[in-house]
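Student: query.txt is the file, holding compact mmCIF, C-alpha atoms:
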```txt
# COMPACT_ATOMS: atom_id res chain seq x y z
CA ARG A 1 15.23 -26.86 32.59
CA ARG A 2 16.99 -24.10 30.67
CA LEU A 3 19.03 -26.62 28.65
CA ILE A 4 15.85 -28.41 27.60
CA GLU A 5 13.97 -25.20 26.83
CA SER A 6 16.89 -23.93 24.72
CA GLY A 7 16.91 -27.14 22.68
CA ALA A 8 20.54 -27.87 23.62
CA VAL A 9 19.68 -31.20 25.27
CA PRO A 10 16.50 -33.23 24.83
CA GLY A 11 14.57 -33.98 28.02
CA THR A 12 14.75 -37.67 27.24
CA HIS A 13 18.48 -37.48 27.97
CA PHE A 14 18.03 -36.29 31.57
CA VAL A 15 18.04 -38.79 34.42
CA GLN A 16 17.74 -37.29 37.88
CA VAL A 17 18.54 -39.10 41.12
CA GLY A 18 17.62 -38.10 44.67
CA LEU A 19 14.44 -36.05 44.31
CA ARG A 20 12.52 -35.62 47.55
CA GLY A 21 10.37 -33.25 49.57
CA TYR A 22 7.53 -31.06 48.44
CA TRP A 23 9.26 -29.57 45.43
CA PRO A 24 8.90 -29.55 42.52
CA PRO A 25 5.20 -28.80 42.41
CA GLN A 26 2.77 -30.87 40.34
CA ASP A 27 2.98 -28.60 37.27
CA THR A 28 6.76 -29.05 37.16
CA PHE A 29 6.42 -32.83 37.35
CA GLU A 30 3.91 -32.65 34.50
CA TRP A 31 6.39 -30.60 32.44
CA MET A 32 9.15 -33.13 33.25
CA LEU A 33 6.90 -35.94 32.03
CA GLU A 34 6.11 -34.03 28.82
CA GLN A 35 9.87 -33.68 28.19
CA GLY A 36 10.43 -37.40 28.67
CA MET A 37 12.67 -36.90 31.70
CA THR A 38 13.42 -39.79 34.04
CA TRP A 39 13.91 -39.50 37.78
CA HIS A 40 14.54 -41.60 40.85
CA THR A 41 13.42 -40.42 44.28
CA MET A 42 15.09 -40.77 47.66
CA GLN A 43 12.30 -43.17 48.60
CA GLU A 44 13.47 -45.44 45.79
CA ILE A 45 17.06 -45.13 47.03
CA TRP A 46 15.96 -46.11 50.55
CA ASP A 47 13.92 -49.03 49.20
CA ARG A 48 16.38 -50.41 46.63
CA GLY A 49 19.75 -49.02 47.73
CA PHE A 50 21.88 -46.27 46.23
CA LYS A 51 24.10 -48.54 44.13
CA ASP A 52 21.15 -50.34 42.56
CA VAL A 53 19.33 -47.10 41.73
CA MET A 54 22.50 -45.63 40.22
CA ARG A 55 23.00 -48.74 38.05
CA THR A 56 19.48 -48.26 36.72
CA ALA A 57 20.00 -44.51 36.18
CA VAL A 58 23.27 -45.04 34.31
CA ASP A 59 21.70 -47.76 32.13
CA GLU A 60 18.85 -45.37 31.31
CA ALA A 61 21.25 -42.56 30.44
CA LEU A 62 23.55 -44.70 28.30
CA ALA A 63 20.59 -46.14 26.41
CA LYS A 64 20.21 -42.64 24.92
CA ALA A 65 23.79 -41.34 24.80
CA GLU A 66 27.33 -42.58 24.23
CA LYS A 67 28.84 -40.84 27.26
CA LEU A 68 27.73 -39.64 30.66
CA TYR A 69 27.66 -36.03 31.72
CA LEU A 70 27.50 -35.92 35.49
CA SER A 71 25.92 -32.82 37.01
CA VAL A 72 26.00 -32.88 40.80
CA ASP A 73 23.38 -30.58 42.27
CA ILE A 74 24.76 -30.21 45.78
CA ASP A 75 21.26 -30.12 47.24
CA VAL A 76 20.98 -33.86 46.53
CA LEU A 77 22.78 -34.13 49.86
CA ASP A 78 21.10 -33.86 53.20
CA PRO A 79 21.67 -30.30 54.49
CA ALA A 80 23.60 -31.78 57.42
CA HIS A 81 26.29 -32.57 54.82
CA ALA A 82 25.85 -29.50 52.58
CA PRO A 83 24.09 -26.57 54.25
CA GLY A 84 25.40 -24.04 51.73
CA THR A 85 22.72 -24.32 49.05
CA GLY A 86 19.72 -22.24 48.14
CA THR A 87 17.35 -25.21 48.28
CA PRO A 88 18.19 -27.33 51.35
CA GLU A 89 15.86 -30.30 51.78
CA PRO A 90 16.21 -32.83 54.61
CA GLY A 91 16.47 -36.50 53.80
CA GLY A 92 19.15 -36.45 51.11
CA ILE A 93 22.12 -38.71 50.56
CA THR A 94 25.30 -38.54 52.63
CA SER A 95 28.51 -36.91 51.48
CA ALA A 96 30.42 -40.21 51.81
CA ASP A 97 27.94 -41.97 49.50
CA LEU A 98 28.12 -39.15 46.96
CA LEU A 99 31.93 -39.05 46.90
CA ARG A 100 32.26 -42.81 46.44
CA MET A 101 29.60 -42.82 43.71
CA VAL A 102 31.17 -39.94 41.77
CA ARG A 103 34.56 -41.66 41.74
CA GLN A 104 33.00 -45.00 40.78
CA LEU A 105 30.96 -43.51 37.92
CA CYS A 106 33.97 -41.66 36.54
CA TYR A 107 36.09 -44.81 36.79
CA GLU A 108 33.61 -47.22 35.23
CA HIS A 109 32.18 -45.05 32.45
CA ASP A 110 33.27 -42.72 29.69
CA VAL A 111 32.37 -39.38 31.25
CA ALA A 112 32.22 -36.36 28.97
CA GLY A 113 32.16 -33.85 31.82
CA VAL A 114 31.26 -33.12 35.41
CA ASP A 115 29.90 -30.05 37.13
CA VAL A 116 28.83 -29.15 40.65
CA VAL A 117 25.98 -26.68 40.97
CA GLU A 118 23.84 -24.95 43.63
CA VAL A 119 26.76 -24.30 45.99
CA SER A 120 26.12 -21.08 47.92
CA PRO A 121 28.99 -20.31 50.33
CA PRO A 122 27.16 -17.39 52.05
CA TYR A 123 24.66 -19.93 53.43
CA ASP A 124 27.42 -22.00 55.03
CA HIS A 125 29.48 -20.27 57.73
CA ALA A 126 31.75 -23.33 58.19
CA GLU A 127 32.51 -23.75 54.45
CA ILE A 128 31.47 -27.43 54.58
CA THR A 129 29.66 -27.22 51.26
CA ALA A 130 32.49 -25.52 49.37
CA PHE A 131 34.98 -28.10 50.69
CA LEU A 132 32.62 -30.86 49.65
CA ALA A 133 32.13 -29.41 46.15
CA ASN A 134 35.90 -29.30 45.76
CA ARG A 135 36.13 -32.92 46.88
CA VAL A 136 33.43 -33.95 44.38
CA ALA A 137 35.59 -32.51 41.60
CA LEU A 138 38.70 -34.26 42.94
CA GLU A 139 36.90 -37.62 43.18
CA ALA A 140 35.66 -37.24 39.59
CA LEU A 141 39.17 -36.45 38.36
CA SER A 142 40.60 -39.35 40.38
CA GLY A 143 38.13 -41.79 38.84
CA MET A 144 38.84 -40.48 35.33
CA ALA A 145 42.61 -40.67 35.86
CA ALA A 146 42.45 -44.22 37.22
CA ARG A 147 40.34 -45.26 34.22
CA ARG A 148 42.71 -43.61 31.74
CA HIS A 149 45.83 -45.11 33.29
CA GLY A 150 44.43 -48.58 33.93
CA LEU A 151 44.79 -48.37 37.71
CA SER A 152 42.72 -50.49 40.02
CA HIS A 153 40.17 -48.61 42.01
CA ASP A 154 38.92 -48.68 45.57
CA PRO A 155 36.00 -46.24 45.90
CA ALA A 156 36.57 -45.96 49.65
CA GLY A 157 40.28 -45.33 49.52
CA PRO A 158 43.20 -43.99 47.49
CA LEU A 159 44.00 -45.08 43.99
CA LEU A 160 46.04 -48.27 43.97
CA GLU A 161 48.93 -49.31 41.82
CA GLY A 162 48.15 -50.89 38.40
CA ARG A 163 45.95 -53.95 38.01
```
Could you render the structure as structure tokens?

Tutor:
Amino acid sequence: RRLIESGAVPGTHFVQVGLRGYWPPQDTFEWMLEQGMTWHTMQEIWDRGFKDVMRTAVDEALAKAEKLYLSVDIDVLDPAHAPGTGTPEPGGITSADLLRMVRQLCYEHDVAGVDVVEVSPPYDHAEITAFLANRVALEALSGMAARRHGLSHDPAGPLLEGR
């Protein structure tokens, strides 16, 4: 929201995936519509499948920009996978699905940058969320490195020798 309000990024360039629950409230959804934002809910992911929704989201993003910027809000995950966030909401995606998707996106597309936000270690006594945030960054870097060096890619396993 702050990026849009500052004028740094137009709302039309935001595509969100994994919204669920009772937040945001109606007035926030109205603001998002006014900004031209696009979003895909968890219900859509359950109905269509994560890969299909992500293909649509990436197509929408790249219709308005030359590169992707991937911002992973850790609360997109079910709190069973990432309890260390200020806004836990049941019914999110799994950590395995997120990790595979991050690597795949960074392998298949020209990614300008990646960040991981909303990680709050004090809310997670077992450090699951911090370990996961670290792994998200490693998967992104692995996908980018494989793309740059022309390596074949298996999203479920290690990088493989050249194509």

Student: Go ahead and find all residues with at least one atom no further than 9 Å from (25.2, -19.1, 52.4) in the file's coordinates, using only C-alpha atoms; report them as a ChimeraX atom specification.

Tutor: /A:83-86,119-125,127

Student: So that I can check the surroundings of region 19-36 of chain A, please list as a list in words every protein, DNA and RNA residue that reaches within 10 Å of it, counting all atoms listed in the file and ignoring chain neighbours fewer than 5 positions away.

Tutor: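 Everything that qualifies: Arg1, Ile4, Glu5, Pro10, Gly11, Thr12, His13, Phe14, Thr41, Met42, Gln43, Glu44, Ile45, Asp75, Val76, Thr87, Pro88, Glu89, Pro90, Gly91 and Gly92 of chain A.
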
Student: Please measure the separation of CA of Glu66 (chain A) and CA of Cys106 (chain A), giving the value in Å to one decimal.

Tutor: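 Computing it gives 14.0 Å between the two atoms.
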
Student: May I ask you to restore all heavy atoms in region 36-47 of chain A and write the result as a PDB file, in the frame of the given file?

Tutor:
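Result went into rebuild18.pdb, see below:
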```
ATOM      1  N   GLY A  36       9.874 -36.050  28.702  1.00  0.00           N
ATOM      2  CA  GLY A  36      10.430 -37.400  28.670  1.00  0.00           C
ATOM      3  C   GLY A  36      11.549 -37.623  29.670  1.00  0.00           C
ATOM      4  O   GLY A  36      12.350 -38.548  29.533  1.00  0.00           O
ATOM      5  N   MET A  37      11.623 -36.771  30.683  1.00  0.00           N
ATOM      6  CA  MET A  37      12.670 -36.900  31.700  1.00  0.00           C
ATOM      7  C   MET A  37      12.415 -38.135  32.564  1.00  0.00           C
ATOM      8  O   MET A  37      11.286 -38.589  32.699  1.00  0.00           O
ATOM      9  CB  MET A  37      12.705 -35.648  32.577  1.00  0.00           C
ATOM     10  CG  MET A  37      13.118 -34.403  31.822  1.00  0.00           C
ATOM     11  SD  MET A  37      12.999 -32.903  32.821  1.00  0.00           S
ATOM     12  CE  MET A  37      14.365 -33.158  33.935  1.00  0.00           C
ATOM     13  N   THR A  38      13.483 -38.644  33.132  1.00  0.00           N
ATOM     14  CA  THR A  38      13.420 -39.790  34.040  1.00  0.00           C
ATOM     15  C   THR A  38      13.971 -39.348  35.381  1.00  0.00           C
ATOM     16  O   THR A  38      14.927 -38.576  35.426  1.00  0.00           O
ATOM     17  CB  THR A  38      14.289 -40.941  33.487  1.00  0.00           C
ATOM     18  OG1 THR A  38      13.847 -41.259  32.165  1.00  0.00           O
ATOM     19  CG2 THR A  38      14.200 -42.168  34.366  1.00  0.00           C
ATOM     20  N   TRP A  39      13.381 -39.840  36.466  1.00  0.00           N
ATOM     21  CA  TRP A  39      13.910 -39.500  37.780  1.00  0.00           C
ATOM     22  C   TRP A  39      13.733 -40.653  38.741  1.00  0.00           C
ATOM     23  O   TRP A  39      12.896 -41.532  38.549  1.00  0.00           O
ATOM     24  CB  TRP A  39      13.283 -38.227  38.335  1.00  0.00           C
ATOM     25  CG  TRP A  39      11.805 -38.300  38.539  1.00  0.00           C
ATOM     26  CD1 TRP A  39      11.138 -38.790  39.629  1.00  0.00           C
ATOM     27  CD2 TRP A  39      10.804 -37.865  37.622  1.00  0.00           C
ATOM     28  NE1 TRP A  39       9.790 -38.693  39.442  1.00  0.00           N
ATOM     29  CE2 TRP A  39       9.555 -38.129  38.219  1.00  0.00           C
ATOM     30  CE3 TRP A  39      10.833 -37.281  36.361  1.00  0.00           C
ATOM     31  CZ2 TRP A  39       8.345 -37.821  37.591  1.00  0.00           C
ATOM     32  CZ3 TRP A  39       9.642 -36.977  35.740  1.00  0.00           C
ATOM     33  CH2 TRP A  39       8.422 -37.242  36.358  1.00  0.00           C
ATOM     34  N   HIS A  40      14.564 -40.608  39.779  1.00  0.00           N
ATOM     35  CA  HIS A  40      14.540 -41.600  40.850  1.00  0.00           C
ATOM     36  C   HIS A  40      14.539 -40.829  42.165  1.00  0.00           C
ATOM     37  O   HIS A  40      15.392 -39.971  42.392  1.00  0.00           O
ATOM     38  CB  HIS A  40      15.763 -42.513  40.770  1.00  0.00           C
ATOM     39  CG  HIS A  40      15.829 -43.260  39.477  1.00  0.00           C
ATOM     40  ND1 HIS A  40      15.148 -44.437  39.275  1.00  0.00           N
ATOM     41  CD2 HIS A  40      16.455 -42.973  38.318  1.00  0.00           C
ATOM     42  CE1 HIS A  40      15.374 -44.856  38.035  1.00  0.00           C
ATOM     43  NE2 HIS A  40      16.159 -43.978  37.438  1.00  0.00           N
ATOM     44  N   THR A  41      13.590 -41.148  43.031  1.00  0.00           N
ATOM     45  CA  THR A  41      13.420 -40.420  44.280  1.00  0.00           C
ATOM     46  C   THR A  41      14.283 -41.009  45.405  1.00  0.00           C
ATOM     47  O   THR A  41      14.790 -42.129  45.306  1.00  0.00           O
ATOM     48  CB  THR A  41      11.954 -40.456  44.731  1.00  0.00           C
ATOM     49  OG1 THR A  41      11.601 -41.817  45.009  1.00  0.00           O
ATOM     50  CG2 THR A  41      11.026 -39.875  43.656  1.00  0.00           C
ATOM     51  N   MET A  42      14.400 -40.258  46.479  1.00  0.00           N
ATOM     52  CA  MET A  42      15.090 -40.770  47.660  1.00  0.00           C
ATOM     53  C   MET A  42      14.355 -41.978  48.222  1.00  0.00           C
ATOM     54  O   MET A  42      14.989 -42.901  48.723  1.00  0.00           O
ATOM     55  CB  MET A  42      15.212 -39.681  48.735  1.00  0.00           C
ATOM     56  CG  MET A  42      16.344 -38.703  48.509  1.00  0.00           C
ATOM     57  SD  MET A  42      17.984 -39.457  48.334  1.00  0.00           S
ATOM     58  CE  MET A  42      18.172 -40.325  49.881  1.00  0.00           C
ATOM     59  N   GLN A  43      13.043 -42.001  48.119  1.00  0.00           N
ATOM     60  CA  GLN A  43      12.300 -43.170  48.600  1.00  0.00           C
ATOM     61  C   GLN A  43      12.762 -44.420  47.869  1.00  0.00           C
ATOM     62  O   GLN A  43      12.952 -45.466  48.473  1.00  0.00           O
ATOM     63  CB  GLN A  43      10.788 -42.979  48.418  1.00  0.00           C
ATOM     64  CG  GLN A  43       9.970 -44.113  49.000  1.00  0.00           C
ATOM     65  CD  GLN A  43      10.130 -44.223  50.506  1.00  0.00           C
ATOM     66  OE1 GLN A  43       9.994 -43.239  51.222  1.00  0.00           O
ATOM     67  NE2 GLN A  43      10.420 -45.414  50.992  1.00  0.00           N
ATOM     68  N   GLU A  44      12.976 -44.310  46.570  1.00  0.00           N
ATOM     69  CA  GLU A  44      13.470 -45.440  45.790  1.00  0.00           C
ATOM     70  C   GLU A  44      14.886 -45.831  46.238  1.00  0.00           C
ATOM     71  O   GLU A  44      15.208 -47.019  46.327  1.00  0.00           O
ATOM     72  CB  GLU A  44      13.461 -45.083  44.299  1.00  0.00           C
ATOM     73  CG  GLU A  44      13.835 -46.225  43.402  1.00  0.00           C
ATOM     74  CD  GLU A  44      13.789 -45.863  41.923  1.00  0.00           C
ATOM     75  OE1 GLU A  44      13.323 -44.758  41.567  1.00  0.00           O
ATOM     76  OE2 GLU A  44      14.238 -46.698  41.129  1.00  0.00           O
ATOM     77  N   ILE A  45      15.708 -44.844  46.532  1.00  0.00           N
ATOM     78  CA  ILE A  45      17.060 -45.130  47.030  1.00  0.00           C
ATOM     79  C   ILE A  45      16.984 -45.865  48.362  1.00  0.00           C
ATOM     80  O   ILE A  45      17.702 -46.839  48.589  1.00  0.00           O
ATOM     81  CB  ILE A  45      17.883 -43.832  47.144  1.00  0.00           C
ATOM     82  CG1 ILE A  45      18.193 -43.300  45.743  1.00  0.00           C
ATOM     83  CG2 ILE A  45      19.166 -44.054  47.941  1.00  0.00           C
ATOM     84  CD1 ILE A  45      18.793 -41.910  45.713  1.00  0.00           C
ATOM     85  N   TRP A  46      16.105 -45.438  49.246  1.00  0.00           N
ATOM     86  CA  TRP A  46      15.960 -46.110  50.550  1.00  0.00           C
ATOM     87  C   TRP A  46      15.435 -47.534  50.359  1.00  0.00           C
ATOM     88  O   TRP A  46      15.863 -48.446  51.050  1.00  0.00           O
ATOM     89  CB  TRP A  46      15.025 -45.327  51.460  1.00  0.00           C
ATOM     90  CG  TRP A  46      15.530 -43.963  51.823  1.00  0.00           C
ATOM     91  CD1 TRP A  46      16.842 -43.591  52.013  1.00  0.00           C
ATOM     92  CD2 TRP A  46      14.761 -42.791  52.016  1.00  0.00           C
ATOM     93  NE1 TRP A  46      16.921 -42.258  52.310  1.00  0.00           N
ATOM     94  CE2 TRP A  46      15.659 -41.735  52.323  1.00  0.00           C
ATOM     95  CE3 TRP A  46      13.405 -42.513  51.964  1.00  0.00           C
ATOM     96  CZ2 TRP A  46      15.232 -40.440  52.586  1.00  0.00           C
ATOM     97  CZ3 TRP A  46      12.984 -41.225  52.219  1.00  0.00           C
ATOM     98  CH2 TRP A  46      13.890 -40.206  52.529  1.00  0.00           C
ATOM     99  N   ASP A  47      14.508 -47.713  49.418  1.00  0.00           N
ATOM    100  CA  ASP A  47      13.920 -49.030  49.200  1.00  0.00           C
ATOM    101  C   ASP A  47      14.872 -49.998  48.497  1.00  0.00           C
ATOM    102  O   ASP A  47      14.970 -51.162  48.877  1.00  0.00           O
ATOM    103  CB  ASP A  47      12.626 -48.923  48.368  1.00  0.00           C
ATOM    104  CG  ASP A  47      11.495 -48.237  49.107  1.00  0.00           C
ATOM    105  OD1 ASP A  47      11.561 -48.129  50.363  1.00  0.00           O
ATOM    106  OD2 ASP A  47      10.536 -47.796  48.438  1.00  0.00           O
TER     107      ASP A  47
END
```
